[in-house]
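Dropping coords25.cif in here (mmCIF, C-alpha atoms):
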data_input
loop_
_atom_site.label_atom_id
_atom_site.label_comp_id
_atom_site.auth_asym_id
_atom_site.auth_seq_id
_atom_site.Cartn_x
_atom_site.Cartn_y
_atom_site.Cartn_z
CA ALA C 1 -125.12 -122.42 -19.76
CA GLU C 2 -124.27 -119.49 -17.51
CA GLN C 3 -120.72 -119.38 -18.90
CA GLU C 4 -122.12 -119.49 -22.41
CA SER C 5 -124.50 -116.63 -21.61
CA GLY C 6 -121.65 -114.59 -20.11
CA ALA C 7 -119.54 -115.07 -23.23
CA ILE C 8 -122.41 -113.98 -25.42
CA GLN C 9 -122.89 -110.84 -23.31
CA ARG C 10 -119.20 -109.90 -23.59
CA ILE C 11 -119.03 -110.22 -27.38
CA PRO C 12 -121.12 -107.10 -28.22
CA PHE C 13 -118.97 -105.02 -25.86
CA ASP C 14 -115.75 -106.20 -27.55
CA ILE C 15 -117.12 -105.62 -31.03
CA ARG C 16 -118.35 -102.13 -30.13
CA ALA C 17 -114.98 -101.24 -28.58
CA GLU C 18 -113.13 -102.47 -31.65
CA GLN C 19 -115.44 -100.49 -33.92
CA ARG C 20 -114.84 -97.31 -31.90
CA TYR C 21 -111.10 -97.94 -32.04
CA ALA C 22 -111.16 -98.53 -35.81
CA ASN C 23 -113.29 -95.44 -36.44
CA ALA C 24 -111.00 -93.28 -34.30
CA LEU C 25 -107.89 -94.59 -36.10
CA GLU C 26 -109.48 -93.75 -39.44
CA GLN C 27 -110.18 -90.21 -38.25
CA ILE C 28 -106.62 -89.80 -36.95
CA LEU C 29 -105.18 -90.92 -40.28
CA SER C 30 -107.51 -88.57 -42.13
CA ALA C 31 -106.42 -85.73 -39.84
CA LEU C 32 -102.77 -86.36 -40.68
CA LEU C 33 -103.42 -86.49 -44.43
CA THR C 34 -105.59 -83.36 -44.55
CA SER C 35 -103.82 -81.05 -42.08
CA MET C 36 -101.57 -78.30 -43.42
CA SER C 37 -100.04 -77.35 -40.07
CA GLN C 38 -99.33 -78.80 -36.66
CA SER C 39 -101.98 -76.57 -35.08
CA GLU C 40 -104.61 -77.77 -37.54
CA LEU C 41 -103.65 -81.38 -36.87
CA ALA C 42 -103.78 -80.81 -33.10
CA GLY C 43 -107.30 -79.41 -33.41
CA LYS C 44 -108.49 -82.41 -35.40
CA LEU C 45 -106.96 -84.83 -32.91
CA LEU C 46 -108.89 -83.13 -30.13
CA GLU C 47 -112.07 -83.49 -32.16
CA VAL C 48 -111.43 -87.24 -32.26
CA CYS C 49 -110.51 -87.74 -28.60
CA MET C 50 -112.65 -85.21 -26.73
CA PRO C 51 -115.98 -86.97 -27.37
CA ILE C 52 -114.46 -90.24 -26.12
CA ALA C 53 -113.50 -88.55 -22.86
CA GLY C 54 -116.88 -86.82 -22.62
CA ALA C 55 -115.06 -83.64 -21.58
CA ASP C 56 -116.36 -80.06 -21.46
CA VAL C 57 -112.93 -78.57 -22.18
CA SER C 58 -109.89 -80.01 -23.93
CA VAL C 59 -106.42 -78.71 -24.75
CA LEU C 60 -103.53 -80.15 -26.72
CA ARG C 61 -100.04 -78.91 -25.92
CA VAL C 62 -97.10 -79.74 -28.18
CA ARG C 63 -93.55 -80.07 -26.98
CA GLU C 64 -91.18 -77.40 -28.25
CA GLY C 65 -87.76 -77.81 -26.70
CA GLU C 66 -88.26 -77.95 -22.94
CA ARG C 67 -91.76 -76.47 -22.97
CA LEU C 68 -95.28 -77.63 -23.72
CA VAL C 69 -97.03 -75.06 -25.89
CA SER C 70 -100.81 -74.90 -26.31
CA ARG C 71 -101.56 -75.48 -30.00
CA ALA C 72 -105.26 -76.35 -30.01
CA ALA C 73 -108.21 -76.22 -27.63
CA ILE C 74 -111.93 -76.80 -27.52
CA GLY C 75 -113.65 -74.65 -24.93
CA ALA C 76 -110.42 -72.82 -24.03
CA ALA C 77 -109.39 -71.02 -27.22
CA GLU C 78 -108.06 -68.09 -25.20
CA GLU C 79 -105.22 -70.27 -23.89
CA VAL C 80 -104.03 -70.96 -27.44
CA ALA C 81 -104.50 -67.32 -28.51
CA ALA C 82 -102.30 -66.20 -25.60
CA GLY C 83 -99.54 -68.63 -26.60
CA PHE C 84 -99.62 -70.27 -23.19
CA SER C 85 -96.84 -72.73 -22.38
CA LEU C 86 -95.47 -74.67 -19.44
CA ASN C 87 -91.96 -75.71 -18.54
CA LEU C 88 -91.64 -79.43 -19.15
CA GLU C 89 -90.47 -80.04 -15.58
CA ASP C 90 -93.55 -78.30 -14.18
CA ALA C 91 -96.12 -79.77 -16.58
CA PHE C 92 -96.68 -83.03 -14.68
CA GLU C 93 -95.32 -82.04 -11.28
CA THR C 94 -98.72 -82.00 -9.55
CA SER C 95 -100.25 -84.82 -11.59
CA GLN C 96 -100.76 -88.33 -10.34
CA ARG C 97 -101.76 -91.64 -11.83
CA SER C 98 -105.48 -92.12 -12.25
CA THR C 99 -107.10 -94.66 -9.97
CA GLN C 100 -107.41 -97.08 -12.91
CA GLY C 101 -103.62 -97.33 -13.27
CA THR C 102 -103.43 -96.27 -16.93
CA PRO C 103 -101.14 -93.73 -18.62
CA LEU C 104 -103.83 -91.13 -17.92
CA LEU C 105 -102.80 -88.67 -15.21
CA LEU C 106 -105.09 -86.80 -12.87
CA ALA C 107 -104.10 -83.15 -12.53
CA SER C 108 -104.32 -81.60 -9.09
CA PRO C 109 -105.34 -78.81 -8.84
CA PRO C 110 -107.57 -79.33 -11.88
CA HIS C 111 -106.04 -76.66 -14.08
CA ALA C 112 -102.47 -77.97 -14.61
CA GLY C 113 -100.89 -74.55 -14.05
CA SER C 114 -103.06 -72.78 -16.62
CA PRO C 115 -104.86 -69.61 -15.47
CA PHE C 116 -107.18 -70.03 -18.44
CA LEU C 117 -108.30 -73.49 -17.30
CA GLN C 118 -108.49 -72.24 -13.72
CA ASP C 119 -111.03 -69.63 -14.83
CA LYS C 120 -113.22 -72.41 -16.22
CA GLY C 121 -113.89 -73.79 -12.73
CA LEU C 122 -113.10 -77.37 -13.69
CA ARG C 123 -113.69 -80.09 -11.12
CA LYS C 124 -111.59 -82.78 -12.81
CA LEU C 125 -108.77 -82.61 -15.33
CA TYR C 126 -107.23 -85.69 -16.90
CA CYS C 127 -103.93 -85.54 -18.77
CA LEU C 128 -102.84 -87.98 -21.47
CA PRO C 129 -99.06 -87.75 -22.19
CA LEU C 130 -98.38 -88.31 -25.90
CA VAL C 131 -95.26 -90.43 -26.28
CA HIS C 132 -93.64 -91.46 -29.58
CA GLN C 133 -90.59 -93.74 -29.61
CA GLU C 134 -90.09 -93.13 -25.88
CA GLN C 135 -90.04 -89.36 -26.42
CA LEU C 136 -92.73 -87.01 -25.10
CA VAL C 137 -94.14 -85.02 -28.04
CA GLY C 138 -97.12 -83.42 -26.31
CA SER C 139 -100.05 -83.90 -23.97
CA MET C 140 -103.83 -83.84 -24.13
CA TYR C 141 -105.99 -82.46 -21.33
CA PHE C 142 -109.64 -83.33 -20.75
CA GLY C 143 -111.56 -81.25 -18.23
CA LYS C 144 -115.03 -81.56 -16.76
CA LEU C 145 -117.14 -78.98 -14.94
CA GLU C 146 -118.52 -81.65 -12.64
CA ASP C 147 -116.93 -84.43 -10.63
CA TRP C 148 -116.71 -87.47 -12.87
CA GLU C 149 -114.68 -90.56 -13.56
CA LEU C 150 -113.81 -91.79 -17.03
CA ALA C 151 -115.42 -95.10 -17.87
CA HIS C 152 -113.00 -98.02 -18.11
CA GLU C 153 -113.84 -98.55 -21.79
CA ASP C 154 -113.18 -94.87 -22.60
CA THR C 155 -109.97 -94.88 -20.59
CA ARG C 156 -108.70 -97.93 -22.43
CA LEU C 157 -109.59 -96.43 -25.81
CA LEU C 158 -107.74 -93.17 -25.05
CA GLU C 159 -104.78 -95.21 -23.84
CA LEU C 160 -104.68 -97.04 -27.19
CA LEU C 161 -105.12 -93.89 -29.27
CA GLY C 162 -102.45 -91.87 -27.43
CA PRO C 163 -99.44 -93.37 -29.27
CA HIS C 164 -101.18 -92.93 -32.63
CA CYS C 165 -101.86 -89.26 -31.87
CA ALA C 166 -98.24 -88.84 -30.78
CA GLY C 167 -96.99 -90.51 -33.96
CA THR C 168 -99.04 -88.24 -36.23
CA LEU C 169 -97.79 -85.15 -34.40
CA ALA C 170 -94.19 -86.35 -34.69
CA LYS C 171 -94.55 -87.07 -38.42
CA GLN C 172 -96.19 -83.74 -39.12
CA GLY C 173 -93.47 -82.00 -37.12
CA ALA C 174 -90.76 -83.79 -39.12
CA VAL C 175 -92.38 -82.72 -42.41
CA ALA C 176 -92.68 -79.13 -41.22
CA SER C 177 -89.03 -79.15 -40.12
CA ALA C 178 -87.92 -80.47 -43.53
CA GLU C 179 -89.96 -77.79 -45.29
CA ARG C 180 -88.39 -75.09 -43.10
CA ASN C 181 -84.92 -76.42 -43.95
CA VAL C 182 -85.67 -76.38 -47.68
CA HIS C 183 -87.04 -72.84 -47.41
CA ALA C 184 -83.97 -71.69 -45.47
CA ARG C 185 -81.66 -73.23 -48.08
CA GLU C 186 -83.55 -71.51 -50.89
CA GLU C 187 -83.26 -68.17 -49.09
CA ILE C 188 -79.51 -68.62 -48.65
CA LEU C 189 -79.06 -69.56 -52.30
CA ALA C 190 -81.08 -66.52 -53.37
CA VAL C 191 -78.87 -64.22 -51.28
CA VAL C 192 -75.68 -65.82 -52.62
CA ALA C 193 -76.92 -65.60 -56.21
CA HIS C 194 -77.79 -61.93 -55.77
CA ASP C 195 -74.43 -61.13 -54.20
CA LEU C 196 -72.58 -62.91 -57.01
CA GLN C 197 -74.51 -61.27 -59.84
CA ASN C 198 -72.66 -57.93 -59.80
CA PRO C 199 -69.13 -59.44 -59.76
CA LEU C 200 -70.13 -61.83 -62.56
CA ASN C 201 -71.44 -58.93 -64.63
CA VAL C 202 -68.17 -57.04 -64.18
CA ILE C 203 -66.10 -60.10 -65.14
CA SER C 204 -68.29 -60.72 -68.19
CA MET C 205 -68.05 -57.14 -69.42
CA ALA C 206 -64.29 -57.02 -68.89
CA ALA C 207 -63.74 -60.36 -70.63
CA ASN C 208 -65.87 -59.36 -73.63
CA MET C 209 -64.05 -56.02 -73.97
CA LEU C 210 -60.70 -57.83 -73.78
CA LEU C 211 -61.82 -60.39 -76.35
CA GLN C 212 -62.60 -57.61 -78.83
CA ARG C 213 -59.05 -56.30 -78.57
CA VAL C 214 -57.26 -59.65 -78.83
CA THR C 215 -56.89 -61.08 -82.32
CA GLU C 216 -54.44 -63.93 -81.76
CA GLN C 217 -56.36 -67.20 -81.46
CA SER C 218 -54.15 -68.72 -78.76
CA SER C 219 -54.74 -65.66 -76.55
CA ARG C 220 -58.49 -65.62 -77.19
CA ARG C 221 -59.10 -69.17 -75.94
CA PRO C 222 -58.51 -68.46 -72.21
CA ILE C 223 -60.73 -65.39 -72.43
CA GLU C 224 -63.48 -67.41 -74.11
CA ARG C 225 -63.23 -69.99 -71.35
CA ILE C 226 -63.68 -67.21 -68.79
CA ILE C 227 -66.80 -65.97 -70.62
CA ARG C 228 -68.28 -69.47 -70.79
CA GLY C 229 -67.58 -70.00 -67.09
CA VAL C 230 -69.34 -66.74 -66.24
CA GLN C 231 -72.32 -67.76 -68.37
CA ARG C 232 -72.59 -71.11 -66.54
CA ALA C 233 -72.37 -69.38 -63.19
CA THR C 234 -75.08 -66.93 -64.21
CA ARG C 235 -77.42 -69.77 -65.20
CA LEU C 236 -76.91 -71.43 -61.81
#
Just give me the structure of the file as structure tokens.
Amino acid sequence: AEQESGAIQRIPFDIRAEQRYANALEQILSALLTSMSQSELAGKLLEVCMPIAGADVSVLRVREGERLVSRAAIGAAEEVAAGFSLNLEDAFETSQRSTQGTPLLLASPPHAGSPFLQDKGLRKLYCLPLVHQEQLVGSMYFGKLEDWELAHEDTRLLELLGPHCAGTLAKQGAVASAERNVHAREEILAVVAHDLQNPLNVISMAANMLLQRVTEQSSRRPIERIIRGVQRATRL
């Protein structure tokens, strides 16, 4: 009977945890679909994860090359406005595993090298590395003004959501990179087209003037081919 009672008591906890997980996943997917930039996406991801951590301050830094750059923050907007970044080698140098043995890291001192977080007077700062396909794409920081420990349930939920957050950031970054490549190609083509326009105009004028002077049909055909080629090039 006691075992039966214990099982009954555990069921509501599991169901509630699964509901929180499902709701958070839905919000993360919505954030990906509705965000127009990586910074906007980062802000929405913080809005999903910060309440779970129960933090007073949160920051999301995105990896750019060998640096972690602050892209969104709640309670520390000045760090983002200043374009703060950390060298990748220094970002986790003073961090250690949390006592619960999860991917969450405990930053010490509780500002992770940021003078902006240092000014907040945080007592605890947890860091959640965001890893996608074994590659670090960013990190989330959750700070508290008082000494506190994350509940096991909240820790586990953040641990499960971390890879999903990392995946959405990676996908959005890939889309943004593709759009930049397309834009760069269009700019190059525009420059090439502009540079070719004057020579094409000269060739066209010269060919048309020559065509007016040539009456023999066999001599006109090559000139006509030149004119048609210029016309095709102009349309391109």
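Every protein or nucleic acid residue with an atom no more than 12 Å from C:Gln231, counting only C-alpha atoms and leaving out same-chain residues fewer than 3 positions away, appears here: Gln197, Leu200, Asn201, Ile203, Ser204, Met205, Ala207, Asn208, Glu224, Arg225, Ile226, Ile227, Arg228, Thr234, Arg235 and Leu236 of chain C.
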ask   = Which residue gives the smallest distance to C:Ser85 among C:Leu150, C:Leu160, C:Ala72, C:Ala17, with all atoms listed in the file counted?
value =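 That would be C:Ala72, the residue with the smallest distance to C:Ser85.
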key: Result set, the PyMOL selection byres ((chain C and resi 143) around 12) on current file, as an MDAnalysis selection string   = chainID C and resid 50:51 53:60 73:76 105:112 117:118 120:128 140:142 144:150
message = Between C:Pro222, C:Gly138, C:Gly83, C:Gly162, which residue has the minimum interatomic distance to C:Arg63, considering all atoms listed in the file?
response =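 Closest to C:Arg63, using all atoms listed in the file: C:Gly138.
Across the model, the gap from atom CA of C:Val80 to atom CA of C:Ser37 is 14.7 Å.
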ask   = Using all atoms listed in the file, which residues sit within 10 Å of C:Ala82 once same-chain residues fewer than 4 positions away are excluded, as a ChimeraX atom specification?
value = /C:70,77-78,116
Write out the residues from the selection above, keeping C-alpha atoms, as a PDB file, in the frame of the given file.
ATOM      1  CA  SER C  70    -100.810 -74.900 -26.310  1.00  0.00           C
ATOM      2  CA  ALA C  77    -109.390 -71.020 -27.220  1.00  0.00           C
ATOM      3  CA  GLU C  78    -108.060 -68.090 -25.200  1.00  0.00           C
ATOM      4  CA  PHE C 116    -107.180 -70.030 -18.440  1.00  0.00           C
TER       5      PHE C 116
END
ask   = Taking all atoms listed in the file into account, which of C:Glu134, C:Glu79, C:Asp90, C:Glu18 comes nearest C:Ser114?
value =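 Nearest candidate to C:Ser114 out of C:Glu134, C:Glu79, C:Asp90, C:Glu18: C:Glu79.
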task = Would you mind telling me which residue in C:Arg67, C:Arg221, C:Lys171, C:Arg16 lies nearest to C:Ser139 when using all atoms listed in the file?
result =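 Going through C:Arg67, C:Arg221, C:Lys171, C:Arg16 one by one, the smallest distance to C:Ser139 is for C:Arg67.
With atom CA of C:Phe84 on one side and atom CA of C:Pro115 on the other, the separation reads 9.4 Å.
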message = If I take atom CA of C:Tyr21 and atom CA of C:Gln172, how far is one from the other in Å, to one decimal?
response =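 Here the two named atoms are 21.8 Å from each other.
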inquiry  = Could you tell me, as a VMD selection string, exactly which residues end up selected when the PyMOL selection byres ((chain C and resi 32) around 10) is applied to this structure?
reply    = chain C and resid 27 to 31 33 to 38 40 to 42 44 to 45 165 167 to 169 171 to 172
key: Shortest interatomic distance to C:Val202 - which of C:Ile15, C:Leu158, C:Val230, C:Arg61, counting only C-alpha atoms   =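 For C:Val202, the nearest of the given residues is C:Val230.
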